[in-house]
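One file, final-v8.txt, is given below (compact mmCIF, C-alpha atoms).
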# COMPACT_ATOMS: atom_id res chain seq x y z
CA MET A 1 0.00 0.00 0.00
CA THR A 2 1.41 3.40 -0.93
CA ARG A 3 2.00 6.18 1.56
CA ARG A 4 -0.88 8.15 0.06
CA ARG A 5 -3.27 5.23 0.60
CA HIS A 6 -2.08 4.88 4.22
CA VAL A 7 -2.85 8.56 4.76
CA LEU A 8 -6.27 8.24 3.12
CA VAL A 9 -7.19 5.24 5.27
CA ALA A 10 -6.18 7.16 8.38
CA ALA A 11 -8.21 10.15 7.25
CA LEU A 12 -11.28 8.01 6.67
CA ALA A 13 -10.92 6.51 10.14
CA GLY A 14 -10.61 9.96 11.67
CA LEU A 15 -13.64 11.17 9.76
CA ALA A 16 -15.79 8.57 11.50
CA VAL A 17 -15.24 10.24 14.90
CA SER A 18 -14.55 13.89 14.09
CA ALA A 19 -14.30 16.45 11.30
CA CYS A 20 -11.02 16.52 9.44
CA ALA A 21 -8.63 18.98 11.09
CA VAL A 22 -6.56 19.64 7.98
CA LYS A 23 -7.66 22.76 6.12
CA PRO A 24 -7.75 21.97 2.40
CA GLN A 25 -5.89 24.26 0.04
CA SER A 26 -8.26 25.83 -2.44
CA PRO A 27 -7.91 25.17 -6.18
CA THR A 28 -7.47 28.92 -6.69
CA ALA A 29 -4.54 29.06 -4.29
CA GLU A 30 -2.91 26.07 -5.97
CA LYS A 31 -3.19 27.62 -9.42
CA ALA A 32 -1.74 30.90 -8.15
CA ALA A 33 1.59 29.23 -7.36
CA THR A 34 4.45 29.82 -9.79
CA PRO A 35 4.56 26.84 -12.18
CA VAL A 36 7.69 24.72 -11.81
CA VAL A 37 8.56 21.78 -14.06
CA VAL A 38 10.55 18.92 -12.53
CA VAL A 39 13.11 17.46 -14.94
CA ARG A 40 14.27 13.85 -14.49
CA GLU A 41 17.15 12.40 -16.46
CA ASP A 42 17.36 9.23 -14.36
CA VAL A 43 14.14 7.63 -15.59
CA SER A 44 15.56 6.17 -18.79
CA ALA A 45 18.77 6.10 -20.78
CA ARG A 46 16.83 7.36 -23.80
CA TYR A 47 14.18 9.73 -22.40
CA ILE A 48 14.11 12.85 -20.26
CA GLU A 49 10.91 13.21 -18.24
CA PHE A 50 9.22 16.54 -17.47
CA ILE A 51 6.60 16.74 -14.73
CA GLY A 52 4.56 19.92 -14.49
CA PRO A 53 3.08 21.36 -11.29
CA LYS A 54 0.25 19.54 -9.56
CA ILE A 55 -2.94 21.59 -9.91
CA LEU A 56 -6.02 20.92 -7.80
CA TYR A 57 -9.26 20.61 -9.75
CA ALA A 58 -11.29 19.94 -6.56
CA GLU A 59 -10.73 20.13 -2.83
CA PRO A 60 -8.19 17.58 -1.53
CA PHE A 61 -9.95 14.36 -0.57
CA LEU A 62 -10.51 14.57 3.22
CA GLY A 63 -7.80 17.23 3.30
CA VAL A 64 -5.11 14.73 2.28
CA PRO A 65 -2.32 16.17 0.06
CA ASP A 66 -1.64 14.70 -3.40
CA THR A 67 -5.30 13.97 -4.10
CA ASN A 68 -7.68 15.35 -6.74
CA TYR A 69 -5.05 16.97 -8.91
CA PHE A 70 -3.78 16.96 -12.49
CA ALA A 71 -0.39 17.57 -14.06
CA LEU A 72 1.24 17.64 -17.46
CA ARG A 73 3.88 14.97 -18.06
CA SER A 74 6.20 14.89 -21.07
CA TRP A 75 9.01 12.72 -22.39
CA LEU A 76 11.77 13.93 -24.70
CA ASP A 77 13.52 11.31 -26.83
CA LYS A 78 17.21 12.19 -26.61
CA ARG A 79 17.98 10.45 -29.90
CA THR A 80 15.25 11.87 -32.13
CA GLY A 81 14.05 15.01 -30.31
CA VAL A 82 10.46 13.75 -30.47
CA VAL A 83 8.25 14.73 -27.51
CA THR A 84 5.18 12.96 -26.14
CA HIS A 85 2.79 14.43 -23.57
CA GLN A 86 0.17 13.26 -21.10
CA LEU A 87 -2.47 15.00 -19.03
CA TYR A 88 -2.28 12.96 -15.82
CA VAL A 89 -5.22 12.99 -13.41
CA SER A 90 -5.50 11.58 -9.88
CA GLU A 91 -8.99 11.34 -8.39
CA SER A 92 -10.13 10.14 -4.95
CA TYR A 93 -13.79 9.70 -4.09
CA VAL A 94 -16.46 7.82 -2.13
CA GLY A 95 -19.14 5.81 -3.94
CA ALA A 96 -19.41 3.44 -6.86
CA ARG A 97 -16.16 2.69 -8.65
CA ARG A 98 -15.67 4.77 -11.80
CA THR A 99 -14.08 3.65 -15.04
CA TRP A 100 -12.80 6.46 -17.26
CA GLN A 101 -12.86 5.01 -20.75
CA SER A 102 -12.39 7.85 -23.24
CA ALA A 103 -11.19 11.44 -23.61
CA ARG A 104 -11.56 14.29 -26.08
CA ASP A 105 -10.03 17.71 -26.61
CA GLY A 106 -11.86 21.04 -26.72
CA LYS A 107 -12.83 20.48 -30.37
CA GLY A 108 -14.31 17.08 -29.61
CA ASP A 109 -11.46 15.14 -31.23
CA PRO A 110 -10.73 11.86 -29.43
CA LEU A 111 -7.55 11.42 -27.40
CA PRO A 112 -5.97 8.12 -26.35
CA ILE A 113 -6.59 7.36 -22.67
CA ALA A 114 -4.62 5.15 -20.28
CA ALA A 115 -5.88 3.68 -17.01
CA ILE A 116 -2.80 3.91 -14.80
CA GLY A 117 -4.19 2.72 -11.45
CA ASN A 118 -7.40 2.00 -9.57
CA HIS A 119 -7.11 1.37 -5.82
CA LYS A 120 -9.69 0.68 -3.15
CA ILE A 121 -8.87 2.77 -0.08
CA ALA A 122 -11.39 1.44 2.43
CA CYS A 123 -15.05 0.52 2.93
CA ARG A 124 -16.32 2.06 6.21
CA PRO A 125 -19.16 1.46 5.36
CA SER A 126 -19.14 3.13 1.92
CA CYS A 127 -16.20 2.32 -0.31
CA SER A 128 -13.68 4.92 -1.41
CA TYR A 129 -11.23 4.74 -4.29
CA THR A 130 -8.26 6.46 -5.91
CA ASP A 131 -8.10 6.43 -9.71
CA ASP A 132 -5.07 7.51 -11.73
CA PHE A 133 -5.56 7.96 -15.48
CA ALA A 134 -4.15 10.03 -18.33
CA ALA A 135 -4.92 11.30 -21.82
CA THR A 136 -2.17 11.38 -24.44
CA LEU A 137 -1.74 14.87 -25.93
CA PRO A 138 -0.19 15.32 -29.37
CA ASP A 139 2.70 17.78 -29.39
CA ALA A 140 0.88 19.84 -32.03
CA LEU A 141 -2.17 20.14 -29.76
CA LEU A 142 -0.14 21.39 -26.81
CA ARG A 143 1.88 23.84 -28.91
CA GLY A 144 -1.31 25.05 -30.55
CA SER A 145 -2.84 25.85 -27.15
CA PRO A 146 -0.70 28.67 -25.68
CA GLY A 147 -3.82 30.05 -24.01
CA GLY A 148 -4.49 26.75 -22.21
CA LEU A 149 -6.56 23.75 -23.14
CA ALA A 150 -9.44 21.63 -21.85
CA VAL A 151 -9.74 17.85 -21.94
CA THR A 152 -12.99 16.05 -21.17
CA PHE A 153 -12.91 12.51 -19.78
CA VAL A 154 -15.91 10.21 -20.14
CA ALA A 155 -16.60 7.43 -17.67
CA GLN A 156 -18.48 4.22 -18.18
CA GLY A 157 -22.09 5.21 -17.66
CA GLY A 158 -21.65 8.67 -19.19
CA SER A 159 -20.20 10.75 -16.34
CA LEU A 160 -18.01 13.62 -17.55
CA LYS A 161 -14.99 15.35 -16.05
CA THR A 162 -13.42 18.34 -17.81
CA ILE A 163 -9.90 19.36 -16.83
CA ALA A 164 -8.82 22.89 -17.78
CA VAL A 165 -5.05 23.31 -18.05
CA PRO A 166 -4.03 26.97 -17.50
CA ALA A 167 -2.03 28.84 -20.11
CA GLU A 168 0.98 29.38 -17.86
CA VAL A 169 1.25 25.66 -17.17
CA VAL A 170 1.28 24.84 -20.89
CA GLN A 171 3.80 27.60 -21.60
CA VAL A 172 6.28 26.65 -18.87
CA GLU A 173 6.10 22.95 -19.83
CA LEU A 174 6.96 23.70 -23.47
CA ALA A 175 9.60 26.30 -22.60
CA THR A 176 11.40 23.84 -20.32
CA ILE A 177 11.29 21.08 -22.94
CA ASP A 178 12.61 23.39 -25.66
CA THR A 179 15.48 24.52 -23.44
CA TRP A 180 16.58 20.92 -22.95
CA ARG A 181 16.10 20.08 -26.60
CA ARG A 182 18.49 22.89 -27.55
CA ARG A 183 21.04 21.50 -25.10
CA LEU A 184 20.82 18.13 -26.81
CA GLU A 185 21.36 19.46 -30.34
CA PRO A 186 25.20 19.49 -30.18
CA VAL A 187 25.16 15.94 -28.77
CA LYS A 188 22.82 14.72 -31.52
CA THR A 189 24.93 16.42 -34.18
CA ALA A 190 28.14 14.86 -32.88
CA SER A 191 26.60 11.38 -32.66
CA THR A 192 25.29 11.50 -36.24
CA ALA A 193 28.40 13.05 -37.84
CA SER A 194 30.55 10.91 -40.12
CA PRO A 195 33.54 9.36 -38.36
CA ALA A 196 36.89 11.01 -39.00
CA PRO A 197 39.15 9.22 -41.50
CA ASP A 198 41.82 6.97 -40.11
CA ARG A 199 45.03 9.01 -40.33
CA ARG A 200 47.33 6.45 -38.76
CA PRO A 201 50.49 5.67 -40.78
CA SER A 202 50.24 2.67 -43.09
CA SER A 203 51.99 -0.44 -41.87
CA ARG A 204 53.27 -1.17 -45.37

Please rewrite the model in this file as structure tokens.
Amino acid sequence: MTRRRHVLVAALAGLAVSACAVKPQSPTAEKAATPVVVVREDVSARYIEFIGPKILYAEPFLGVPDTNYFALRSWLDKRTGVVTHQLYVSESYVGARRTWQSARDGKGDPLPIAAIGNHKIACRPSCSYTDDFAATLPDALLRGSPGGLAVTFVAQGGSLKTIAVPAEVVQVELATIDTWRRRLEPVKTASTASPAPDRRPSSR
């Protein structure tokens, strides 16, 4: 069980006897923070990972941090310079288990969706869950949305959840990626250049 699930179980137990003492941070306050992109070079020998700031789209579940948030995630291929993006969502809730099965952009065009995790937290007596899922975002879509973008997820049964990614989050993600891509250009050029001719003296 992850640390987050331990905390959620403890929060559910505490909720049974008293109101939660942790004051949730409001979505507005979270969005007001200066966006910072975490860069990880240790994930893969081939890819550099970029993780955007966690943005609350609802109050933290029972006041527990790292719940009910979204973030942009990107991977830069160090060999080709190609970038892939995800809109990652983490949702915690009480009630019937949800299955998010499709996603679409603001124009209604479908986006690939990945179910990353679905965990039961506890049943006391109602069950609560944490779902982690993501929509794949084409690089052209992200770069064509400097003013921000919205992605709508559709659950089995027809429930909808629209995530609005602010402009500054999109801009800082792309700016950070482009900075690293420029750093890689000399390395890519050197690795693809023709080898120097062998200038060693002939043994004849």

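Nearest to Asp66 of chain A of all the residues A:Ala134, A:Leu142, A:Leu184, A:Val89 is A:Val89, counting all atoms listed in the file.
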
From A:Val82, A:Ile113, A:Leu137, A:Leu72, residue lying nearest Ala167 of chain A [all atoms listed in the file]: A:Leu72

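Residues with any atom within 8 Å of Pro53 of chain A, counting only C-alpha atoms and excluding same-chain neighbours fewer than 4 positions away, are A:Pro35, A:Val36, A:Val37, A:Val38, A:Ala71, A:Leu72, A:Val169.
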
For Ile121 of chain A, the nearest of the candidates A:Phe153, A:Asp139, A:Tyr93, A:Ser102, counting all atoms listed in the file: A:Tyr93

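Among the candidate residues A:Trp180, A:Val170, A:Tyr69, A:Ile163, the one lying nearest to Asp131 of chain A is A:Tyr69, with distances computed using all atoms listed in the file.
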
Nearest to Gly106 of chain A by atom-to-atom distance, counting all atoms listed in the file, from A:Ser128, A:Thr162, A:Ser74, A:Thr84: A:Thr162

Among listed residues A:Phe61, A:Phe70, A:Tyr47, A:Phe133, nearest Pro112 of chain A (using only C-alpha atoms): A:Phe133

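Here atom CA of Gln101 of chain A and atom CA of Cys123 of chain A stand 24.2 Å from one another.
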
Within 12 Å of file point (0.5, 26.5, -18.8), counting only C-alpha atoms, expressed as a ChimeraX atom specification: /A:31-37,52-55,71-72,87,142-150,164-176

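Across the model, the gap from atom CA of Ala45 of chain A to atom CA of Lys78 of chain A is 8.6 Å.
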
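Taking atom CA of Gly81 of chain A and atom CA of Ala103 of chain A as endpoints, the distance between them is 26.4 Å.
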
Will you model all heavy atoms for segment 78-89 of chain A and pass it back as a PDB file, in the coordinates of the input?
ATOM      1  N   LYS A  78      15.900  11.562 -26.435  1.00  0.00           N
ATOM      2  CA  LYS A  78      17.210  12.190 -26.610  1.00  0.00           C
ATOM      3  C   LYS A  78      17.844  11.869 -27.961  1.00  0.00           C
ATOM      4  O   LYS A  78      18.721  12.602 -28.415  1.00  0.00           O
ATOM      5  CB  LYS A  78      18.142  11.759 -25.467  1.00  0.00           C
ATOM      6  CG  LYS A  78      17.742  12.325 -24.119  1.00  0.00           C
ATOM      7  CD  LYS A  78      18.761  12.034 -23.041  1.00  0.00           C
ATOM      8  CE  LYS A  78      18.621  10.632 -22.522  1.00  0.00           C
ATOM      9  NZ  LYS A  78      19.491  10.391 -21.327  1.00  0.00           N
ATOM     10  N   ARG A  79      17.398  10.820 -28.611  1.00  0.00           N
ATOM     11  CA  ARG A  79      17.980  10.450 -29.900  1.00  0.00           C
ATOM     12  C   ARG A  79      17.313  11.194 -31.052  1.00  0.00           C
ATOM     13  O   ARG A  79      17.985  11.631 -31.983  1.00  0.00           O
ATOM     14  CB  ARG A  79      17.842   8.940 -30.117  1.00  0.00           C
ATOM     15  CG  ARG A  79      18.578   8.084 -29.100  1.00  0.00           C
ATOM     16  CD  ARG A  79      18.376   6.617 -29.408  1.00  0.00           C
ATOM     17  NE  ARG A  79      18.890   5.757 -28.350  1.00  0.00           N
ATOM     18  CZ  ARG A  79      18.731   4.435 -28.308  1.00  0.00           C
ATOM     19  NH1 ARG A  79      18.092   3.825 -29.316  1.00  0.00           N
ATOM     20  NH2 ARG A  79      19.211   3.733 -27.310  1.00  0.00           N
ATOM     21  N   THR A  80      15.991  11.319 -30.996  1.00  0.00           N
ATOM     22  CA  THR A  80      15.250  11.870 -32.130  1.00  0.00           C
ATOM     23  C   THR A  80      14.728  13.282 -31.888  1.00  0.00           C
ATOM     24  O   THR A  80      14.368  13.977 -32.837  1.00  0.00           O
ATOM     25  CB  THR A  80      14.062  10.968 -32.465  1.00  0.00           C
ATOM     26  OG1 THR A  80      13.127  10.982 -31.365  1.00  0.00           O
ATOM     27  CG2 THR A  80      14.522   9.535 -32.712  1.00  0.00           C
ATOM     28  N   GLY A  81      14.634  13.707 -30.611  1.00  0.00           N
ATOM     29  CA  GLY A  81      14.050  15.010 -30.310  1.00  0.00           C
ATOM     30  C   GLY A  81      12.538  15.010 -30.272  1.00  0.00           C
ATOM     31  O   GLY A  81      11.916  16.050 -30.049  1.00  0.00           O
ATOM     32  N   VAL A  82      11.915  13.850 -30.493  1.00  0.00           N
ATOM     33  CA  VAL A  82      10.460  13.750 -30.470  1.00  0.00           C
ATOM     34  C   VAL A  82       9.954  13.833 -29.028  1.00  0.00           C
ATOM     35  O   VAL A  82      10.559  13.264 -28.113  1.00  0.00           O
ATOM     36  CB  VAL A  82       9.988  12.435 -31.129  1.00  0.00           C
ATOM     37  CG1 VAL A  82       8.491  12.228 -30.948  1.00  0.00           C
ATOM     38  CG2 VAL A  82      10.352  12.424 -32.603  1.00  0.00           C
ATOM     39  N   VAL A  83       8.826  14.541 -28.847  1.00  0.00           N
ATOM     40  CA  VAL A  83       8.250  14.730 -27.510  1.00  0.00           C
ATOM     41  C   VAL A  83       6.856  14.127 -27.470  1.00  0.00           C
ATOM     42  O   VAL A  83       6.072  14.282 -28.415  1.00  0.00           O
ATOM     43  CB  VAL A  83       8.167  16.219 -27.142  1.00  0.00           C
ATOM     44  CG1 VAL A  83       7.646  16.397 -25.714  1.00  0.00           C
ATOM     45  CG2 VAL A  83       9.528  16.888 -27.284  1.00  0.00           C
ATOM     46  N   THR A  84       6.535  13.442 -26.390  1.00  0.00           N
ATOM     47  CA  THR A  84       5.180  12.960 -26.140  1.00  0.00           C
ATOM     48  C   THR A  84       4.687  13.552 -24.829  1.00  0.00           C
ATOM     49  O   THR A  84       5.481  13.809 -23.920  1.00  0.00           O
ATOM     50  CB  THR A  84       5.132  11.425 -26.061  1.00  0.00           C
ATOM     51  OG1 THR A  84       6.063  10.965 -25.065  1.00  0.00           O
ATOM     52  CG2 THR A  84       5.500  10.797 -27.397  1.00  0.00           C
ATOM     53  N   HIS A  85       3.382  13.773 -24.741  1.00  0.00           N
ATOM     54  CA  HIS A  85       2.790  14.430 -23.570  1.00  0.00           C
ATOM     55  C   HIS A  85       1.616  13.633 -23.029  1.00  0.00           C
ATOM     56  O   HIS A  85       0.948  12.895 -23.772  1.00  0.00           O
ATOM     57  CB  HIS A  85       2.283  15.833 -23.912  1.00  0.00           C
ATOM     58  CG  HIS A  85       3.260  16.704 -24.626  1.00  0.00           C
ATOM     59  ND1 HIS A  85       4.256  17.400 -23.980  1.00  0.00           N
ATOM     60  CD2 HIS A  85       3.390  17.002 -25.949  1.00  0.00           C
ATOM     61  CE1 HIS A  85       4.953  18.090 -24.859  1.00  0.00           C
ATOM     62  NE2 HIS A  85       4.445  17.866 -26.061  1.00  0.00           N
ATOM     63  N   GLN A  86       1.353  13.800 -21.745  1.00  0.00           N
ATOM     64  CA  GLN A  86       0.170  13.260 -21.100  1.00  0.00           C
ATOM     65  C   GLN A  86      -0.446  14.318 -20.193  1.00  0.00           C
ATOM     66  O   GLN A  86       0.272  15.120 -19.590  1.00  0.00           O
ATOM     67  CB  GLN A  86       0.512  12.054 -20.211  1.00  0.00           C
ATOM     68  CG  GLN A  86       0.571  10.718 -20.873  1.00  0.00           C
ATOM     69  CD  GLN A  86       0.722   9.601 -19.848  1.00  0.00           C
ATOM     70  OE1 GLN A  86       1.050   9.827 -18.682  1.00  0.00           O
ATOM     71  NE2 GLN A  86       0.507   8.373 -20.282  1.00  0.00           N
ATOM     72  N   LEU A  87      -1.772  14.291 -20.097  1.00  0.00           N
ATOM     73  CA  LEU A  87      -2.470  15.000 -19.030  1.00  0.00           C
ATOM     74  C   LEU A  87      -2.833  13.951 -18.001  1.00  0.00           C
ATOM     75  O   LEU A  87      -3.718  13.120 -18.213  1.00  0.00           O
ATOM     76  CB  LEU A  87      -3.723  15.696 -19.565  1.00  0.00           C
ATOM     77  CG  LEU A  87      -4.605  16.354 -18.497  1.00  0.00           C
ATOM     78  CD1 LEU A  87      -3.832  17.387 -17.681  1.00  0.00           C
ATOM     79  CD2 LEU A  87      -5.842  16.972 -19.119  1.00  0.00           C
ATOM     80  N   TYR A  88      -2.122  13.962 -16.878  1.00  0.00           N
ATOM     81  CA  TYR A  88      -2.280  12.960 -15.820  1.00  0.00           C
ATOM     82  C   TYR A  88      -3.269  13.475 -14.789  1.00  0.00           C
ATOM     83  O   TYR A  88      -3.195  14.636 -14.367  1.00  0.00           O
ATOM     84  CB  TYR A  88      -0.918  12.707 -15.178  1.00  0.00           C
ATOM     85  CG  TYR A  88      -0.913  11.744 -14.017  1.00  0.00           C
ATOM     86  CD1 TYR A  88      -0.686  10.387 -14.222  1.00  0.00           C
ATOM     87  CD2 TYR A  88      -1.115  12.190 -12.714  1.00  0.00           C
ATOM     88  CE1 TYR A  88      -0.664   9.504 -13.158  1.00  0.00           C
ATOM     89  CE2 TYR A  88      -1.101  11.315 -11.646  1.00  0.00           C
ATOM     90  CZ  TYR A  88      -0.879   9.972 -11.869  1.00  0.00           C
ATOM     91  OH  TYR A  88      -0.863   9.098 -10.809  1.00  0.00           O
ATOM     92  N   VAL A  89      -4.197  12.604 -14.371  1.00  0.00           N
ATOM     93  CA  VAL A  89      -5.220  12.990 -13.410  1.00  0.00           C
ATOM     94  C   VAL A  89      -5.254  11.963 -12.276  1.00  0.00           C
ATOM     95  O   VAL A  89      -5.213  10.752 -12.526  1.00  0.00           O
ATOM     96  CB  VAL A  89      -6.624  13.069 -14.053  1.00  0.00           C
ATOM     97  CG1 VAL A  89      -7.673  13.501 -13.030  1.00  0.00           C
ATOM     98  CG2 VAL A  89      -6.607  14.024 -15.240  1.00  0.00           C
TER      99      VAL A  89
END
